[in-house]
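Student: File name input10.txt; file contents compact mmCIF, C-alpha atoms; full text below.
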```txt
# COMPACT_ATOMS: atom_id res chain seq x y z
CA MET A 676 -24.15 23.21 28.23
CA LEU A 677 -21.15 22.80 30.54
CA LYS A 678 -23.00 20.00 32.38
CA PHE A 679 -23.55 18.19 29.08
CA LYS A 680 -19.87 18.59 28.21
CA LYS A 681 -18.94 17.09 31.58
CA ILE A 682 -21.12 14.06 30.79
CA LEU A 683 -19.41 13.74 27.41
CA ALA A 684 -16.00 14.01 29.05
CA LEU A 685 -16.84 11.37 31.67
CA SER A 686 -18.20 9.04 28.96
CA LEU A 687 -14.60 8.52 27.81
CA ILE A 688 -14.05 6.21 30.79
CA PRO A 689 -16.85 3.67 30.07
CA GLN A 690 -15.99 3.83 26.36
CA TYR A 691 -12.39 2.89 27.08
CA LEU A 692 -13.41 0.12 29.49
CA PHE A 693 -15.88 -1.28 26.95
CA ILE A 694 -13.22 -1.37 24.22
CA GLN A 695 -10.80 -3.10 26.57
CA PHE A 696 -13.50 -5.61 27.49
CA ILE A 697 -14.45 -6.54 23.93
CA SER A 698 -10.77 -6.79 22.96
CA PHE A 699 -10.75 -10.10 24.84
CA TYR A 700 -13.26 -11.48 22.32
CA PRO A 701 -11.56 -11.09 18.91
CA GLU A 702 -13.65 -13.88 17.34
CA ILE A 703 -16.87 -12.00 18.10
CA ILE A 704 -15.38 -8.73 16.85
CA GLU A 705 -14.35 -10.35 13.59
CA LYS A 706 -17.69 -12.07 13.06
CA ILE A 707 -20.05 -9.25 14.06
CA TYR A 708 -18.03 -6.08 13.36
CA SER A 709 -15.27 -6.72 10.81
CA ASN A 710 -17.23 -9.13 8.60
CA TYR A 711 -20.65 -7.54 8.96
CA ALA A 712 -21.28 -4.16 10.60
CA TYR A 713 -18.06 -2.58 9.35
CA ILE A 714 -18.83 -3.52 5.73
CA TYR A 715 -21.96 -1.34 5.81
CA ILE A 716 -20.30 1.49 7.77
CA SER A 717 -17.42 1.59 5.29
CA TYR A 718 -19.79 1.44 2.31
CA PHE A 719 -21.85 4.36 3.61
CA LEU A 720 -18.93 6.64 4.53
CA ARG A 721 -17.01 5.93 1.30
CA ASN A 722 -20.00 6.67 -0.88
CA MET A 723 -20.61 9.92 0.99
CA SER A 724 -17.04 11.27 0.81
CA ASN A 725 -16.49 9.94 -2.72
CA LYS A 726 -18.94 12.55 -4.01
CA ILE A 727 -16.34 15.22 -3.16
CA PRO A 728 -13.46 15.21 -5.69
CA PHE A 729 -10.76 16.29 -3.23
CA ALA A 730 -9.59 15.00 0.17
CA ILE A 731 -12.30 16.44 2.41
CA GLY A 732 -10.77 14.61 5.39
CA ASP A 733 -7.56 16.61 4.99
CA LEU A 734 -9.53 19.85 5.11
CA ILE A 735 -11.42 18.69 8.19
CA TYR A 736 -8.13 17.95 9.96
CA MET A 737 -6.72 21.35 8.97
CA PHE A 738 -9.85 23.10 10.27
CA LEU A 739 -9.89 21.16 13.53
CA ILE A 740 -6.22 21.83 14.25
CA SER A 741 -6.64 25.55 13.52
CA PHE A 742 -9.81 25.73 15.61
CA PHE A 743 -8.15 23.81 18.45
CA ILE A 744 -5.30 26.36 18.63
CA TYR A 745 -7.81 29.23 18.55
CA TRP A 746 -9.92 27.49 21.19
CA ILE A 747 -6.95 27.15 23.57
CA ILE A 748 -5.98 30.80 23.14
CA VAL A 749 -9.54 32.00 23.80
CA ASN A 750 -10.11 29.75 26.84
CA ILE A 751 -6.64 29.81 28.37
CA LYS A 752 -7.93 31.92 31.28
CA SER A 753 -10.51 29.24 32.18
CA PRO A 754 -8.37 26.10 32.54
CA LYS A 755 -11.12 23.97 34.17
CA LYS A 756 -13.56 24.71 31.35
CA LEU A 757 -10.80 24.16 28.78
CA ILE A 758 -9.86 20.74 30.17
CA ILE A 759 -13.52 19.62 30.25
CA GLU A 760 -14.05 20.71 26.66
CA ILE A 761 -10.83 19.05 25.45
CA VAL A 762 -11.70 15.73 27.15
CA ALA A 763 -15.29 15.96 25.84
CA THR A 764 -13.94 16.45 22.31
CA ILE A 765 -11.54 13.52 22.72
CA SER A 766 -14.47 11.42 23.90
CA ILE A 767 -16.48 12.21 20.77
CA ILE A 768 -13.52 11.53 18.47
CA TYR A 769 -12.73 8.28 20.30
CA PHE A 770 -16.33 7.09 19.88
CA PHE A 771 -16.52 7.79 16.15
CA PHE A 772 -12.99 6.46 15.52
CA ASN A 773 -13.85 3.09 17.04
CA ILE A 774 -17.28 2.80 15.44
CA SER A 775 -16.13 3.81 11.96
CA TRP A 776 -12.92 1.75 11.78
CA GLY A 777 -10.87 1.41 14.98
CA ILE A 778 -12.50 -1.76 16.37
CA ASN A 779 -10.75 -3.64 13.55
CA TYR A 780 -7.58 -3.40 15.67
CA TYR A 781 -9.05 -6.01 18.01
CA LYS A 782 -10.07 -8.75 15.58
CA ILE A 783 -8.02 -11.96 15.31
CA PRO A 784 -4.50 -11.18 14.01
CA ILE A 785 -3.46 -13.15 10.92
CA SER A 786 -0.28 -14.17 12.75
CA LYS A 787 -2.35 -16.17 15.27
CA GLU A 788 -3.05 -18.69 12.52
CA ILE A 789 0.65 -19.50 12.23
CA GLU A 790 2.08 -21.85 14.83
CA ILE A 791 5.57 -20.43 14.43
CA ILE A 792 5.70 -16.81 13.33
CA SER A 793 9.52 -16.74 13.26
CA TYR A 794 11.68 -18.12 10.47
CA SER A 795 15.14 -19.63 10.22
CA ASN A 796 18.20 -18.16 8.51
CA GLN A 797 17.89 -20.94 5.94
CA ASP A 798 14.28 -19.92 5.23
CA LEU A 799 15.35 -16.32 4.77
CA ASN A 800 18.30 -17.12 2.51
CA GLU A 801 16.33 -19.52 0.32
CA PHE A 802 13.48 -17.07 -0.06
CA THR A 803 15.87 -14.19 -0.82
CA LEU A 804 17.50 -16.16 -3.66
CA LYS A 805 14.08 -17.08 -5.02
CA LEU A 806 12.98 -13.46 -4.91
CA ILE A 807 16.15 -12.24 -6.61
CA GLU A 808 15.54 -14.61 -9.52
CA LYS A 809 11.86 -13.69 -9.80
CA THR A 810 12.39 -9.93 -9.44
CA ASN A 811 15.30 -9.94 -11.92
CA ASN A 812 13.13 -11.79 -14.45
CA LEU A 813 10.27 -9.34 -14.06
CA HIS A 814 12.68 -6.42 -14.29
CA ASN A 815 14.20 -7.83 -17.50
CA LYS A 816 10.75 -8.01 -19.09
CA ILE A 817 10.13 -4.32 -18.33
CA SER A 818 13.51 -2.65 -18.57
CA ALA A 819 17.21 -3.11 -19.26
CA ASP A 820 19.47 -4.46 -16.52
CA SER A 821 20.94 -1.11 -15.49
CA ILE A 822 17.82 1.04 -15.95
CA LYS A 823 15.25 1.58 -13.21
CA VAL A 824 11.57 0.79 -13.72
CA ASN A 825 9.30 3.79 -14.13
CA LEU A 826 5.62 3.24 -13.41
CA PRO A 827 3.80 4.50 -16.54
CA TYR A 828 0.36 5.04 -15.01
CA SER A 829 -1.55 8.12 -13.92
CA PHE A 830 -3.07 8.42 -10.45
CA LYS A 831 -6.46 7.35 -11.80
CA GLU A 832 -4.99 4.38 -13.65
CA ASN A 833 -3.07 3.28 -10.55
CA SER A 834 -6.27 3.50 -8.52
CA LYS A 835 -8.16 1.31 -10.97
CA ILE A 836 -5.43 -1.34 -11.12
CA ALA A 837 -4.93 -1.41 -7.34
CA ILE A 838 -8.66 -1.84 -6.70
CA ASN A 839 -9.04 -4.49 -9.40
CA ASN A 840 -6.12 -6.45 -7.91
CA TYR A 841 -8.21 -7.33 -4.87
CA GLU A 842 -10.91 -8.88 -7.04
CA ILE A 843 -8.22 -10.88 -8.87
CA LEU A 844 -6.70 -11.93 -5.54
CA GLU A 845 -10.05 -13.19 -4.28
CA ARG A 846 -10.63 -15.27 -7.41
CA LYS A 847 -7.12 -16.75 -7.48
CA ILE A 848 -7.06 -17.83 -3.84
CA THR A 849 -10.62 -19.13 -4.05
CA ASN A 850 -9.67 -21.24 -7.08
CA GLN A 851 -6.79 -22.72 -5.11
CA ASN A 852 -9.40 -24.15 -2.71
CA SER A 853 -7.25 -23.36 0.29
CA THR A 854 -8.43 -24.80 3.61
CA ASN A 855 -5.49 -23.25 5.43
CA SER A 856 -6.92 -20.81 7.97
CA PHE A 857 -3.86 -18.58 7.62
CA ILE A 858 -5.16 -17.32 4.28
CA LYS A 859 -8.80 -18.48 4.55
CA ARG A 860 -9.74 -15.88 7.18
CA PRO A 861 -8.24 -12.92 5.30
CA LEU A 862 -9.93 -14.21 2.16
CA THR A 863 -13.31 -14.15 3.96
CA LEU A 864 -12.74 -10.50 4.88
CA ILE A 865 -11.76 -9.59 1.31
CA ASN A 866 -14.68 -11.56 -0.09
CA ASN A 867 -17.24 -9.89 2.20
CA PHE A 868 -15.79 -6.48 1.40
CA ASN A 869 -15.85 -7.06 -2.38
CA LYS A 870 -19.54 -8.03 -2.21
CA LYS A 871 -20.40 -4.53 -1.01
CA LYS A 872 -17.40 -2.64 -2.30
CA GLY A 873 -19.21 0.41 -3.67
CA LYS A 874 -16.95 3.28 -4.65
CA MET A 875 -13.32 3.20 -3.62
CA ASN A 876 -11.83 6.42 -2.39
CA LEU A 877 -8.19 6.90 -3.42
CA LYS A 878 -7.30 10.59 -3.42
CA LYS A 879 -4.24 12.79 -3.59
CA SER A 880 -3.60 14.22 -0.15
CA ILE A 881 -3.77 18.00 0.23
CA LEU A 882 -1.35 17.50 3.12
CA SER A 883 1.34 15.78 1.04
CA TYR A 884 4.15 18.09 2.19
CA PRO A 885 3.34 17.69 5.92
CA LEU A 886 2.96 13.94 5.39
CA THR A 887 6.39 13.80 3.75
CA TYR A 888 8.07 15.67 6.59
CA MET A 889 6.33 13.35 9.06
CA GLY A 890 7.59 10.32 7.10
CA PHE A 891 4.27 8.97 5.80
CA SER A 892 3.43 7.82 2.26
CA GLY A 893 -0.30 8.03 2.83
CA TYR A 894 -3.02 7.26 5.31
CA LEU A 895 -6.59 6.03 5.60
CA ASN A 896 -8.87 8.65 7.10
CA PRO A 897 -11.01 6.61 9.53
CA PHE A 898 -13.80 9.21 9.58
CA THR A 899 -14.28 9.86 5.85
CA HIS A 900 -12.82 6.57 4.58
CA GLU A 901 -10.65 8.33 2.02
CA TYR A 902 -7.30 6.71 1.21
CA ASN A 903 -5.13 9.79 1.01
CA ILE A 904 -1.93 9.22 -0.96
CA ASN A 905 1.14 11.41 -0.62
CA LYS A 906 1.48 12.74 -4.17
CA LEU A 907 5.19 13.54 -3.68
CA ILE A 908 6.42 9.96 -3.19
CA PRO A 909 8.42 8.29 -6.00
CA SER A 910 6.26 6.51 -8.56
CA ASN A 911 7.83 3.15 -7.71
CA SER A 912 6.37 3.44 -4.17
CA LYS A 913 2.81 3.94 -5.37
CA PRO A 914 1.72 0.34 -6.11
CA MET A 915 2.56 -0.70 -2.55
CA VAL A 916 1.11 2.44 -0.96
CA PHE A 917 -2.15 2.25 -2.94
CA SER A 918 -2.55 -1.44 -2.09
CA HIS A 919 -1.59 -0.89 1.55
CA GLU A 920 -4.26 1.77 2.10
CA ILE A 921 -6.94 -0.36 0.40
CA ALA A 922 -5.98 -3.21 2.75
CA HIS A 923 -6.59 -0.86 5.69
CA GLU A 924 -10.00 0.01 4.25
CA ILE A 925 -10.91 -3.67 3.91
CA GLY A 926 -10.30 -3.98 7.66
CA PHE A 927 -6.66 -5.00 8.06
CA SER A 928 -5.75 -2.40 10.68
CA SER A 929 -2.27 -3.65 11.64
CA GLU A 930 0.54 -2.20 9.51
CA MET A 931 2.10 -5.65 9.33
CA GLU A 932 -1.12 -7.18 8.02
CA ALA A 933 -1.77 -4.30 5.59
CA ASN A 934 1.74 -4.71 4.13
CA PHE A 935 1.24 -8.47 3.80
CA ILE A 936 -2.19 -8.23 2.18
CA ALA A 937 -0.91 -5.50 -0.16
CA TYR A 938 2.03 -7.74 -1.11
CA ILE A 939 -0.15 -10.73 -2.06
CA ALA A 940 -2.49 -8.41 -3.98
CA LEU A 941 0.49 -7.09 -5.96
CA ILE A 942 2.13 -10.41 -6.81
CA ASN A 943 -1.22 -11.86 -7.91
CA SER A 944 -1.95 -8.88 -10.14
CA ASN A 945 -2.34 -9.28 -13.91
CA ASP A 946 -0.18 -6.18 -14.35
CA ILE A 947 3.54 -6.90 -14.70
CA TYR A 948 4.55 -3.58 -13.09
CA TYR A 949 2.54 -4.39 -9.99
CA GLN A 950 3.99 -7.91 -9.90
CA TYR A 951 7.46 -6.40 -10.12
CA PHE A 952 6.92 -3.85 -7.33
CA GLY A 953 5.30 -6.51 -5.11
CA ASN A 954 8.26 -8.84 -5.42
CA SER A 955 10.81 -6.04 -5.13
CA PHE A 956 9.07 -4.90 -1.91
CA ALA A 957 9.45 -8.38 -0.40
CA LEU A 958 13.06 -8.57 -1.62
CA ARG A 959 13.84 -5.23 0.04
CA GLN A 960 12.40 -6.57 3.32
CA CYS A 961 14.67 -9.61 3.04
CA LEU A 962 17.71 -7.45 2.30
CA ASN A 963 16.97 -5.18 5.26
CA GLU A 964 16.83 -8.21 7.54
CA LEU A 965 20.08 -9.61 6.13
CA ARG A 966 21.82 -6.24 6.45
CA ARG A 967 21.09 -6.30 10.18
CA ASN A 968 22.02 -9.91 10.85
CA ASP A 969 24.05 -11.40 7.97
CA LYS A 970 26.16 -8.76 6.24
CA ASP A 971 28.25 -11.26 4.25
CA ASN A 972 25.24 -12.77 2.51
CA TYR A 973 23.71 -9.30 2.21
CA GLU A 974 26.68 -8.07 0.16
CA TYR A 975 26.69 -11.24 -1.94
CA TYR A 976 22.98 -11.00 -2.74
CA LEU A 977 23.32 -7.36 -3.75
CA SER A 978 25.79 -8.45 -6.42
CA LEU A 979 23.15 -10.78 -7.92
CA ILE A 980 20.45 -8.12 -8.26
CA ASN A 981 19.90 -6.16 -11.47
CA LYS A 982 21.35 -2.65 -11.19
CA GLY A 983 18.05 -1.12 -12.21
CA ILE A 984 16.33 -2.69 -9.18
CA LEU A 985 18.95 -1.20 -6.88
CA ILE A 986 18.42 2.18 -8.52
CA ASN A 987 14.70 1.88 -7.69
CA TYR A 988 15.62 1.16 -4.06
CA ASN A 989 18.02 4.10 -3.93
CA GLU A 990 15.37 6.40 -5.35
CA ILE A 991 13.09 5.63 -2.41
CA TYR A 992 15.93 5.94 0.12
CA ASN A 993 17.14 9.27 -1.29
CA PHE A 994 13.61 10.69 -1.36
CA TRP A 995 13.01 10.10 2.34
CA ASN A 996 16.56 11.02 3.28
CA ASN A 997 16.10 14.45 1.68
CA TYR A 998 13.14 15.15 3.97
CA LYS A 999 14.69 14.07 7.27
CA ASN A 1000 14.00 16.57 10.04
CA PRO A 1001 13.86 16.78 13.86
CA ILE A 1002 10.03 16.58 13.94
CA GLU A 1003 9.74 13.22 12.17
CA PRO A 1004 11.06 11.09 15.11
CA ILE A 1005 8.59 12.82 17.44
CA ILE A 1006 5.66 12.08 15.11
CA LYS A 1007 6.82 8.48 14.73
CA TYR A 1008 7.11 8.16 18.52
CA ILE A 1009 3.52 9.40 18.98
CA TYR A 1010 2.25 7.06 16.27
CA ASP A 1011 4.16 4.17 17.87
CA LYS A 1012 2.36 4.83 21.17
CA PHE A 1013 -0.97 5.09 19.33
CA LEU A 1014 -0.47 1.67 17.72
CA LYS A 1015 0.58 0.08 21.01
CA ALA A 1016 -2.50 1.54 22.70
CA ASN A 1017 -4.56 -0.27 20.04
CA LYS A 1018 -3.06 -3.68 20.82
CA VAL A 1019 -0.34 -3.55 18.13
CA GLU A 1020 2.37 -4.78 20.48
CA SER A 1021 5.34 -3.99 18.24
CA GLY A 1022 4.05 -0.50 17.45
CA ILE A 1023 5.58 1.21 14.44
CA LYS A 1024 8.03 -1.68 14.00
CA SER A 1025 5.07 -3.68 12.67
CA TYR A 1026 5.63 -2.00 9.27
CA SER A 1027 8.74 -4.13 8.78
CA GLN A 1028 7.43 -7.32 10.40
CA SER A 1029 5.32 -8.45 7.47
CA LEU A 1030 8.25 -10.56 6.27
CA SER A 1031 7.26 -13.42 8.60
CA LEU A 1032 3.77 -13.47 7.04
CA ILE A 1033 5.20 -13.26 3.52
CA LEU A 1034 7.57 -16.17 4.16
CA ASN A 1035 4.79 -18.33 5.57
CA TYR A 1036 2.52 -17.47 2.64
CA ASN A 1037 5.20 -18.58 0.19
CA LYS A 1038 5.64 -21.86 2.07
CA ILE A 1039 1.93 -22.57 1.51
CA TYR A 1040 1.75 -21.30 -2.07
CA ASN A 1041 5.21 -22.23 -3.27
CA ASP A 1042 5.27 -21.51 -6.96
```
Now that the file is in, can you turn its structure into structure tokens?
Tutor:
Amino acid sequence: MLKFKKILALSLIPQYLFIQFISFYPEIIEKIYSNYAYIYISYFLRNMSNKIPFAIGDLIYMFLISFFIYWIIVNIKSPKKLIIEIVATISIIYFFFNISWGINYYKIPISKEIEIISYSNQDLNEFTLKLIEKTNNLHNKISADSIKVNLPYSFKENSKIAINNYEILERKITNQNSTNSFIKRPLTLINNFNKKKGKMNLKKSILSYPLTYMGFSGYLNPFTHEYNINKLIPSNSKPMVFSHEIAHEIGFSSEMEANFIAYIALINSNDIYYQYFGNSFALRQCLNELRRNDKDNYEYYLSLINKGILINYNEIYNFWNNYKNPIEPIIKYIYDKFLKANKVESGIKSYSQSLSLILNYNKIYND
């Protein structure tokens, strides 16, 4: 048995080298894996785990962590055996992670379709003003100027709307007959996924408290293909979080891409609440950028925004601020290194870099 475990442990090296090798061929990965093999893998795993009404992936993680601690305690006196078994376990996890979802990290990034990924200050200011007008108008249709928007839907209703939004998005972009590869390639991925969508897997995470203290609103479990949502987050965060995790499931592995795809799914929704939260998300990204680089305009733009929208923003800020702790930066550091190891060069900063994609999208589809 120990000999077999050594073989498993050593197999980590050729696995890693193979992944590094294929990462140089993103076109092949996208064509063979993301747009074909992955569709069937995702379909199978989602339909298996969907039969269980709770987040089975959360329980598996809890069991593995507990067993890992027990395993170390029991084998601490045999360090050589312990190291072999740990590396063998990592090798197995690494194999299934890549096969079930992880190879999507190496397909062609959406940003490669844009000649200039950056944007000018003029672009940012013009888009911010446009978003303020649009978000204010949507807010006025839902609520009074000084009152925040409360999402009126249950978890199940949110799931249904978020899933349906991707079908609406596919139809709308298809009807626009876009030949621009910037949106054509993502559309192909969404289209292929919708053809074999099966059962979607949005679930309330059993680990919501740990997720909150780690600073996460949800996550896609790459082994069970459950989209586990932190049930503690403010309701006004849920449209973006639901849509973001579905984007991951479709195959958009980068946080930047998942945010962007979630944004266009929200603003193209038939539901006014989802339109509102999609536009307010993009507006918040603009404001964050202006706060760092153009404080005068930042303060001016704040004065133009409905008070209720700002209350929605403060609700999110206060929620996360209340859960700040010394462990969160460590978890974020580890996750940053994980993303960089999977060819996401900007690491955890990629969450906030979707603004460049959003700006370019609105240049193409300027409504």
Student: I'd like to know which of A:Thr849, A:Ser928, A:Leu799, A:Phe935 is closest to Asp969 of chain A, using all atoms listed in the file.
Tutor: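 So, comparing all the options, the nearest one is A:Leu799.
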Student: Between A:Ala684, A:Ala937, A:Ile783, A:Ala730, single out the one closest to Glu702 of chain A, counting all atoms listed in the file.
Tutor: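 The shortest atom-to-atom distance to Glu702 of chain A comes from A:Ile783.
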Student: As an exercise, work out the distance from atom CA of Met723 of chain A to atom CA of Thr899 of chain A in Å and give it to one decimal place.
Tutor: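 Spanning atom CA of Met723 of chain A to atom CA of Thr899 of chain A is a straight-line distance of 8.0 Å.
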Student: Go through A:Gly890, A:Pro701, A:Pro689, A:Pro827 one by one, measure the shortest atom-to-atom distance of each to Pro1001 of chain A using only C-alpha atoms, and give the residue with the smallest value.
Tutor: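 Comparing A:Gly890, A:Pro701, A:Pro689, A:Pro827 against Pro1001 of chain A, the winner is A:Gly890.
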Student: Excluding same-chain residues fewer than 5 positions from Asp798 of chain A, what lies within 12 Å of it counting all atoms listed in the file, as a ChimeraX atom specification?
Tutor: /A:793,803-805,961,965,1030-1031,1033-1035,1037-1038
Student: Would you mind exporting the chosen residues as a short mmCIF file (atom, residue, chain, number, x, y, z; two decimals), keeping the file's coordinate frame, restricted to C-alpha atoms?
Tutor:
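Contents of the output file part04.cif:
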```
data_model
loop_
_atom_site.label_atom_id
_atom_site.label_comp_id
_atom_site.auth_asym_id
_atom_site.auth_seq_id
_atom_site.Cartn_x
_atom_site.Cartn_y
_atom_site.Cartn_z
CA SER A 793 9.52 -16.74 13.26
CA THR A 803 15.87 -14.19 -0.82
CA LEU A 804 17.50 -16.16 -3.66
CA LYS A 805 14.08 -17.08 -5.02
CA CYS A 961 14.67 -9.61 3.04
CA LEU A 965 20.08 -9.61 6.13
CA LEU A 1030 8.25 -10.56 6.27
CA SER A 1031 7.26 -13.42 8.60
CA ILE A 1033 5.20 -13.26 3.52
CA LEU A 1034 7.57 -16.17 4.16
CA ASN A 1035 4.79 -18.33 5.57
CA ASN A 1037 5.20 -18.58 0.19
CA LYS A 1038 5.64 -21.86 2.07
#
```
Student: Using only C-alpha atoms, which of A:Ser766, A:Ser821, A:Asn839, A:Asn934 sits nearest Ile986 of chain A?
Tutor: A:Ser821
Student: Considering all atoms listed in the file, can you say which of A:Leu895, A:Ile778, A:Leu806, A:Ile991 comes closest to Ala957 of chain A?
Tutor: A:Leu806
Student: Hey, can you check how far atom CA of Phe742 of chain A sits from atom CA of Tyr780 of chain A?
Tutor: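 Atom CA of Phe742 of chain A sits 29.2 Å away from atom CA of Tyr780 of chain A.
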Student: Give me, please, the distance in Å between atom CA of Asn833 of chain A and atom CA of Asn943 of chain A, quoted to one decimal.
Tutor: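 Answer for the atom CA of Asn833 of chain A to atom CA of Asn943 of chain A separation: 15.5 Å.
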Student: So that I can see what lies close to Val824 of chain A, please list as a PyMOL selection string the residues with an atom at most 12 Å from it, counting all atoms listed in the file and leaving out residues fewer than 6 positions away in the same chain.
Tutor: chain A and resi 810-811+813-818+909-912+947-949+951-952+955+981-988+990
Student: Taking all atoms listed in the file into account, name the residue in A:Tyr781, A:Lys678, A:Ile774, A:Asn972 that is nearest to Gln797 of chain A.
Tutor: A:Asn972
